[in-house]
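Trainee: First, the structure itself, so that you have it in front of you.
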Amino acid sequence: MLKQKACRPFAKAGPCSLLAEACSLTMKNLGILLSGRGSNFEAIARNIQSGKIPNARISIVISNKAGAGGIEAATKLGLNTAILPSKGKDRETHDREVVASLKEHKVDLICLAGYMRLLSPWFVQQFPGRILNIHPSLLPAFPGLEAQQQAFAYGVKTSGCTVHFVDEELDHGAIIVQKTVPVLDSDDEHTLSARILEQEHLAYTEAINIVLDGNYEIAGRRLLRKIRASN
Ligand code: GRF
């Protein structure tokens, strides 16, 4: 299979290992986009605070919905927030406002965390390989809305969640992390969704660390971790 060089903005560059060391110590700015309650955002924020996501900070939390619980939580945490309503605007006009805010806050990596809006191709092209999304199913099964309900209704015995790079197609880019969740006979859609959400909170942190670490390549659709040479 043809091995493509991944667009790896966080990969260690150059031959000099001291330079690589310095790169890895650089603080990276995360930009969070959300539309709702923001539990994934809160898990990321908690894990930054506790050091589980080292060398990163959240430089802006943006919502396209005024009443989003995630914005309230971000405000309480003292983070920069912006509400940029999408209603009534065409996709690219709104995306230009969002991208301007992300650039103003010098965002290195964008985390979609329940952002209920498709990004325009133009938006995706502004941050190649630097936009992540979390989806509550084992992609490619059950893309789109209400993934947990889709899985439950289909009768699968195992579901889960996926963190993936965002590309121009819906719920489609290369997969970074997946976590499985068994569907129990005693489950209903709500209990299943709740157990998937617990795994989402773990998966997003893992994926962010993999991407910020930069020690991977993309071969076709496959993200492959590189083995570090030990000194
Ligand atoms: C999560 O289930 C996520 O997978 C999906 O939207 C939901 C957002 O939940 N993309 P929260 O706002 O992070 O609690």
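How things are named: the first chain in the structure tokens is A, the next is B, and so on; residues count from 1 in each chain; ligands count from 1 in the order shown.
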Kindly compile the residues surrounding ligand 1 within 9 Å, counting only C-alpha atoms and all ligand atoms, and format them as a PDB file with N, CA, C and O atoms, in the first residue's frame.

Mentor:
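Generated output (result33.pdb):
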```
ATOM      1  N   LEU A  34     -18.474  23.626  20.001  1.00  0.00           N
ATOM      2  CA  LEU A  34     -19.574  22.832  20.540  1.00  0.00           C
ATOM      3  C   LEU A  34     -20.897  23.540  20.287  1.00  0.00           C
ATOM      4  O   LEU A  34     -20.937  24.723  19.942  1.00  0.00           O
ATOM      5  N   SER A  35     -21.963  22.755  20.495  1.00  0.00           N
ATOM      6  CA  SER A  35     -23.314  23.317  20.311  1.00  0.00           C
ATOM      7  C   SER A  35     -24.215  23.007  21.500  1.00  0.00           C
ATOM      8  O   SER A  35     -25.332  23.494  21.558  1.00  0.00           O
ATOM      9  N   GLY A  36     -23.740  22.151  22.427  1.00  0.00           N
ATOM     10  CA  GLY A  36     -24.666  21.677  23.458  1.00  0.00           C
ATOM     11  C   GLY A  36     -24.064  21.617  24.838  1.00  0.00           C
ATOM     12  O   GLY A  36     -23.293  22.484  25.241  1.00  0.00           O
ATOM     13  N   ARG A  37     -24.343  20.485  25.542  1.00  0.00           N
ATOM     14  CA  ARG A  37     -24.011  20.427  26.978  1.00  0.00           C
ATOM     15  C   ARG A  37     -22.510  20.463  27.245  1.00  0.00           C
ATOM     16  O   ARG A  37     -22.069  20.896  28.303  1.00  0.00           O
ATOM     17  N   GLY A  38     -21.708  19.924  26.336  1.00  0.00           N
ATOM     18  CA  GLY A  38     -20.255  20.093  26.452  1.00  0.00           C
ATOM     19  C   GLY A  38     -19.554  19.154  27.416  1.00  0.00           C
ATOM     20  O   GLY A  38     -18.488  19.484  27.946  1.00  0.00           O
ATOM     21  N   SER A  39     -20.079  17.943  27.599  1.00  0.00           N
ATOM     22  CA  SER A  39     -19.392  17.044  28.542  1.00  0.00           C
ATOM     23  C   SER A  39     -18.030  16.604  27.995  1.00  0.00           C
ATOM     24  O   SER A  39     -17.088  16.399  28.770  1.00  0.00           O
ATOM     25  N   ASN A  40     -17.906  16.438  26.687  1.00  0.00           N
ATOM     26  CA  ASN A  40     -16.590  16.095  26.127  1.00  0.00           C
ATOM     27  C   ASN A  40     -15.599  17.238  26.331  1.00  0.00           C
ATOM     28  O   ASN A  40     -14.437  17.013  26.676  1.00  0.00           O
ATOM     29  N   PHE A  41     -16.067  18.449  26.124  1.00  0.00           N
ATOM     30  CA  PHE A  41     -15.205  19.616  26.379  1.00  0.00           C
ATOM     31  C   PHE A  41     -14.759  19.620  27.844  1.00  0.00           C
ATOM     32  O   PHE A  41     -13.573  19.820  28.146  1.00  0.00           O
ATOM     33  N   GLU A  42     -15.704  19.382  28.753  1.00  0.00           N
ATOM     34  CA  GLU A  42     -15.346  19.433  30.181  1.00  0.00           C
ATOM     35  C   GLU A  42     -14.324  18.353  30.533  1.00  0.00           C
ATOM     36  O   GLU A  42     -13.428  18.575  31.343  1.00  0.00           O
ATOM     37  N   ALA A  43     -14.477  17.171  29.917  1.00  0.00           N
ATOM     38  CA  ALA A  43     -13.496  16.101  30.169  1.00  0.00           C
ATOM     39  C   ALA A  43     -12.113  16.526  29.665  1.00  0.00           C
ATOM     40  O   ALA A  43     -11.103  16.295  30.339  1.00  0.00           O
ATOM     41  N   ALA A  68     -25.861  27.152  24.809  1.00  0.00           N
ATOM     42  CA  ALA A  68     -25.110  25.892  25.000  1.00  0.00           C
ATOM     43  C   ALA A  68     -24.553  25.782  26.417  1.00  0.00           C
ATOM     44  O   ALA A  68     -23.862  26.687  26.903  1.00  0.00           O
ATOM     45  N   GLY A  69     -24.840  24.650  27.078  1.00  0.00           N
ATOM     46  CA  GLY A  69     -24.331  24.419  28.427  1.00  0.00           C
ATOM     47  C   GLY A  69     -22.814  24.452  28.472  1.00  0.00           C
ATOM     48  O   GLY A  69     -22.217  24.862  29.471  1.00  0.00           O
ATOM     49  N   GLY A  70     -22.179  24.028  27.395  1.00  0.00           N
ATOM     50  CA  GLY A  70     -20.718  24.007  27.350  1.00  0.00           C
ATOM     51  C   GLY A  70     -20.113  25.393  27.482  1.00  0.00           C
ATOM     52  O   GLY A  70     -19.011  25.552  28.024  1.00  0.00           O
ATOM     53  N   LEU A 112     -13.840  19.234  17.670  1.00  0.00           N
ATOM     54  CA  LEU A 112     -15.293  19.329  17.594  1.00  0.00           C
ATOM     55  C   LEU A 112     -15.845  18.452  18.711  1.00  0.00           C
ATOM     56  O   LEU A 112     -15.524  17.260  18.785  1.00  0.00           O
ATOM     57  N   ALA A 113     -16.652  19.037  19.560  1.00  0.00           N
ATOM     58  CA  ALA A 113     -17.152  18.309  20.727  1.00  0.00           C
ATOM     59  C   ALA A 113     -18.664  18.530  20.803  1.00  0.00           C
ATOM     60  O   ALA A 113     -19.143  19.380  21.548  1.00  0.00           O
ATOM     61  N   GLY A 114     -19.366  17.779  19.951  1.00  0.00           N
ATOM     62  CA  GLY A 114     -20.807  17.981  19.886  1.00  0.00           C
ATOM     63  C   GLY A 114     -21.148  19.251  19.123  1.00  0.00           C
ATOM     64  O   GLY A 114     -22.082  19.970  19.483  1.00  0.00           O
ATOM     65  N   TYR A 115     -20.380  19.523  18.083  1.00  0.00           N
ATOM     66  CA  TYR A 115     -20.646  20.696  17.227  1.00  0.00           C
ATOM     67  C   TYR A 115     -21.593  20.232  16.131  1.00  0.00           C
ATOM     68  O   TYR A 115     -21.208  19.445  15.258  1.00  0.00           O
ATOM     69  N   MET A 116     -22.825  20.701  16.219  1.00  0.00           N
ATOM     70  CA  MET A 116     -23.880  20.147  15.363  1.00  0.00           C
ATOM     71  C   MET A 116     -23.964  20.889  14.044  1.00  0.00           C
ATOM     72  O   MET A 116     -25.035  21.364  13.658  1.00  0.00           O
ATOM     73  N   ASN A 133     -12.862  15.133  15.464  1.00  0.00           N
ATOM     74  CA  ASN A 133     -14.281  15.024  15.838  1.00  0.00           C
ATOM     75  C   ASN A 133     -14.466  13.738  16.633  1.00  0.00           C
ATOM     76  O   ASN A 133     -13.731  12.772  16.438  1.00  0.00           O
ATOM     77  N   ILE A 134     -15.478  13.756  17.502  1.00  0.00           N
ATOM     78  CA  ILE A 134     -15.844  12.525  18.192  1.00  0.00           C
ATOM     79  C   ILE A 134     -17.255  12.152  17.784  1.00  0.00           C
ATOM     80  O   ILE A 134     -18.142  13.010  17.676  1.00  0.00           O
ATOM     81  N   HIS A 135     -17.428  10.845  17.523  1.00  0.00           N
ATOM     82  CA  HIS A 135     -18.730  10.360  17.056  1.00  0.00           C
ATOM     83  C   HIS A 135     -19.126   9.153  17.906  1.00  0.00           C
ATOM     84  O   HIS A 135     -18.296   8.265  18.139  1.00  0.00           O
ATOM     85  N   PRO A 136     -20.401   9.097  18.346  1.00  0.00           N
ATOM     86  CA  PRO A 136     -20.783   8.037  19.280  1.00  0.00           C
ATOM     87  C   PRO A 136     -21.190   6.726  18.620  1.00  0.00           C
ATOM     88  O   PRO A 136     -22.258   6.167  18.908  1.00  0.00           O
ATOM     89  N   SER A 137     -20.356   6.237  17.710  1.00  0.00           N
ATOM     90  CA  SER A 137     -20.542   4.886  17.166  1.00  0.00           C
ATOM     91  C   SER A 137     -19.184   4.409  16.674  1.00  0.00           C
ATOM     92  O   SER A 137     -18.226   5.193  16.605  1.00  0.00           O
ATOM     93  N   LEU A 145     -26.712  11.709  12.515  1.00  0.00           N
ATOM     94  CA  LEU A 145     -27.394  12.025  13.776  1.00  0.00           C
ATOM     95  C   LEU A 145     -27.841  10.768  14.505  1.00  0.00           C
ATOM     96  O   LEU A 145     -28.084   9.730  13.888  1.00  0.00           O
ATOM     97  N   GLU A 146     -27.977  10.897  15.830  1.00  0.00           N
ATOM     98  CA  GLU A 146     -28.532   9.857  16.697  1.00  0.00           C
ATOM     99  C   GLU A 146     -27.896   8.490  16.455  1.00  0.00           C
ATOM    100  O   GLU A 146     -28.579   7.468  16.297  1.00  0.00           O
ATOM    101  N   ALA A 147     -26.590   8.489  16.478  1.00  0.00           N
ATOM    102  CA  ALA A 147     -25.839   7.261  16.183  1.00  0.00           C
ATOM    103  C   ALA A 147     -26.139   6.159  17.198  1.00  0.00           C
ATOM    104  O   ALA A 147     -26.228   4.978  16.834  1.00  0.00           O
ATOM    105  N   GLN A 148     -26.271   6.545  18.478  1.00  0.00           N
ATOM    106  CA  GLN A 148     -26.516   5.512  19.505  1.00  0.00           C
ATOM    107  C   GLN A 148     -27.871   4.851  19.270  1.00  0.00           C
ATOM    108  O   GLN A 148     -28.010   3.633  19.386  1.00  0.00           O
ATOM    109  N   CYS A 161     -17.408   4.325  20.343  1.00  0.00           N
ATOM    110  CA  CYS A 161     -17.192   5.694  19.870  1.00  0.00           C
ATOM    111  C   CYS A 161     -15.905   5.754  19.058  1.00  0.00           C
ATOM    112  O   CYS A 161     -15.051   4.867  19.146  1.00  0.00           O
ATOM    113  N   THR A 162     -15.809   6.803  18.290  1.00  0.00           N
ATOM    114  CA  THR A 162     -14.680   6.994  17.367  1.00  0.00           C
ATOM    115  C   THR A 162     -14.207   8.438  17.436  1.00  0.00           C
ATOM    116  O   THR A 162     -15.037   9.353  17.360  1.00  0.00           O
ATOM    117  N   VAL A 163     -12.907   8.637  17.581  1.00  0.00           N
ATOM    118  CA  VAL A 163     -12.334   9.971  17.371  1.00  0.00           C
ATOM    119  C   VAL A 163     -11.570   9.907  16.057  1.00  0.00           C
ATOM    120  O   VAL A 163     -10.762   8.998  15.844  1.00  0.00           O
ATOM    121  N   SER A 193     -26.299   5.021  25.562  1.00  0.00           N
ATOM    122  CA  SER A 193     -25.659   6.325  25.277  1.00  0.00           C
ATOM    123  C   SER A 193     -24.775   6.748  26.436  1.00  0.00           C
ATOM    124  O   SER A 193     -23.672   7.283  26.226  1.00  0.00           O
ATOM    125  N   ALA A 194     -25.243   6.522  27.659  1.00  0.00           N
ATOM    126  CA  ALA A 194     -24.484   6.958  28.835  1.00  0.00           C
ATOM    127  C   ALA A 194     -23.164   6.184  28.927  1.00  0.00           C
ATOM    128  O   ALA A 194     -22.111   6.773  29.237  1.00  0.00           O
ATOM    129  N   ILE A 196     -21.573   4.771  26.436  1.00  0.00           N
ATOM    130  CA  ILE A 196     -20.711   5.223  25.324  1.00  0.00           C
ATOM    131  C   ILE A 196     -20.056   6.559  25.704  1.00  0.00           C
ATOM    132  O   ILE A 196     -18.857   6.770  25.472  1.00  0.00           O
ATOM    133  N   LEU A 197     -20.833   7.438  26.327  1.00  0.00           N
ATOM    134  CA  LEU A 197     -20.296   8.766  26.682  1.00  0.00           C
ATOM    135  C   LEU A 197     -19.099   8.643  27.626  1.00  0.00           C
ATOM    136  O   LEU A 197     -18.115   9.385  27.487  1.00  0.00           O
ATOM    137  N   GLU A 200     -16.294   7.983  25.510  1.00  0.00           N
ATOM    138  CA  GLU A 200     -15.935   9.159  24.705  1.00  0.00           C
ATOM    139  C   GLU A 200     -14.956  10.042  25.473  1.00  0.00           C
ATOM    140  O   GLU A 200     -13.979  10.555  24.917  1.00  0.00           O
ATOM    141  N   HIS A 201     -15.249  10.202  26.773  1.00  0.00           N
ATOM    142  CA  HIS A 201     -14.419  11.113  27.569  1.00  0.00           C
ATOM    143  C   HIS A 201     -12.982  10.605  27.670  1.00  0.00           C
ATOM    144  O   HIS A 201     -12.040  11.393  27.745  1.00  0.00           O
TER     145      HIS A 201
END
```

Trainee: Chain A: which residues are strand (DSSP E or B) by DSSP, as a ChimeraX atom specification?

Mentor: /A:28-34,56-63,81-83,109-112,131-135,158-165,175-182,216-219,222-225

Trainee: Do a neighbour search on region 179-187 of chain A at 8 Å with only C-alpha atoms, toss out local chain neighbours closer than 3 positions, and write the hits as a VMD selection string.

Mentor: chain A and resid 138 152 156 to 162 190 to 192 195 to 196 199 to 200 203

Trainee: Go ahead and save the picked residues with C-alpha atoms, as a PDB file, in the first residue's frame.

Mentor:
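Produced file result_35.pdb, reproduced below:
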```
ATOM      1  CA  LEU A 138     -17.909   2.601  15.720  1.00  0.00           C
ATOM      2  CA  PHE A 152     -29.557   0.219  19.298  1.00  0.00           C
ATOM      3  CA  VAL A 156     -25.747  -4.557  17.178  1.00  0.00           C
ATOM      4  CA  LYS A 157     -24.148  -6.331  20.128  1.00  0.00           C
ATOM      5  CA  THR A 158     -21.168  -4.012  20.291  1.00  0.00           C
ATOM      6  CA  SER A 159     -21.112  -0.272  19.761  1.00  0.00           C
ATOM      7  CA  GLY A 160     -18.745   2.434  20.948  1.00  0.00           C
ATOM      8  CA  CYS A 161     -17.192   5.694  19.870  1.00  0.00           C
ATOM      9  CA  THR A 162     -14.680   6.994  17.367  1.00  0.00           C
ATOM     10  CA  HIS A 190     -30.312   6.022  27.213  1.00  0.00           C
ATOM     11  CA  THR A 191     -28.247   3.550  29.220  1.00  0.00           C
ATOM     12  CA  LEU A 192     -26.288   2.642  26.097  1.00  0.00           C
ATOM     13  CA  ARG A 195     -21.954   4.104  28.735  1.00  0.00           C
ATOM     14  CA  ILE A 196     -20.711   5.223  25.324  1.00  0.00           C
ATOM     15  CA  GLN A 199     -15.778   5.991  26.816  1.00  0.00           C
ATOM     16  CA  GLU A 200     -15.935   9.159  24.705  1.00  0.00           C
ATOM     17  CA  ALA A 203     -11.106   8.396  23.896  1.00  0.00           C
TER      18      ALA A 203
END
```

Trainee: Using only C-alpha atoms, which protein or nucleic acid residues come within 9 Å of Glu92 (chain A)? Drop anything in the same chain fewer than 2 positions from it, and give the result as a PyMOL selection string.

Mentor: chain A and resi 89-90+94-97+119-123

Trainee: So that I have them on file, write out the residues from the current selection with C-alpha atoms, as a PDB file, in the first residue's frame.

Mentor:
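And here is the file that came out, part_31.pdb:
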```pdb
ATOM      1  CA  LYS A  89     -26.161  32.339   7.701  1.00  0.00           C
ATOM      2  CA  ASP A  90     -24.866  30.335   4.784  1.00  0.00           C
ATOM      3  CA  HIS A  94     -20.476  31.448   9.322  1.00  0.00           C
ATOM      4  CA  ASP A  95     -17.350  29.321   8.926  1.00  0.00           C
ATOM      5  CA  ARG A  96     -15.339  32.429   8.053  1.00  0.00           C
ATOM      6  CA  GLU A  97     -16.353  34.004  11.371  1.00  0.00           C
ATOM      7  CA  LEU A 119     -17.850  22.273   8.249  1.00  0.00           C
ATOM      8  CA  SER A 120     -17.484  23.666   4.743  1.00  0.00           C
ATOM      9  CA  PRO A 121     -14.609  22.315   2.623  1.00  0.00           C
ATOM     10  CA  TRP A 122     -13.096  25.793   2.895  1.00  0.00           C
ATOM     11  CA  PHE A 123     -12.993  25.512   6.708  1.00  0.00           C
TER      12      PHE A 123
END
```

Trainee: Give the alpha helix (DSSP H) residues of region 91-223 of chain A, as assigned by DSSP on the backbone, as a PyMOL selection string.

Mentor: chain A and resi 91-104+121-126+147-154+189-213

Trainee: Point out the residue among A:Ser59, A:Asn80, A:Thr26, A:Thr93 with the least atom-to-atom distance to Val107 (chain A), counting only C-alpha atoms.

Mentor: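 Of A:Ser59, A:Asn80, A:Thr26, A:Thr93, the one nearest Val107 (chain A) is A:Ser59, counting only C-alpha atoms.
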
Trainee: Point out the residue among A:Lys76, A:Lys103, A:Arg57, A:Arg221 with the least atom-to-atom distance to Ala174 (chain A), counting only C-alpha atoms.

Mentor: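 Distance minimum relative to Ala174 (chain A) lands on A:Arg221.
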
Trainee: Considering only C-alpha atoms, can you say which of A:Ile208, A:Leu223, A:Ile83, A:Val99 comes closest to Ile175 (chain A)?

Mentor: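 For Ile175 (chain A), the nearest of the candidates is A:Leu223.
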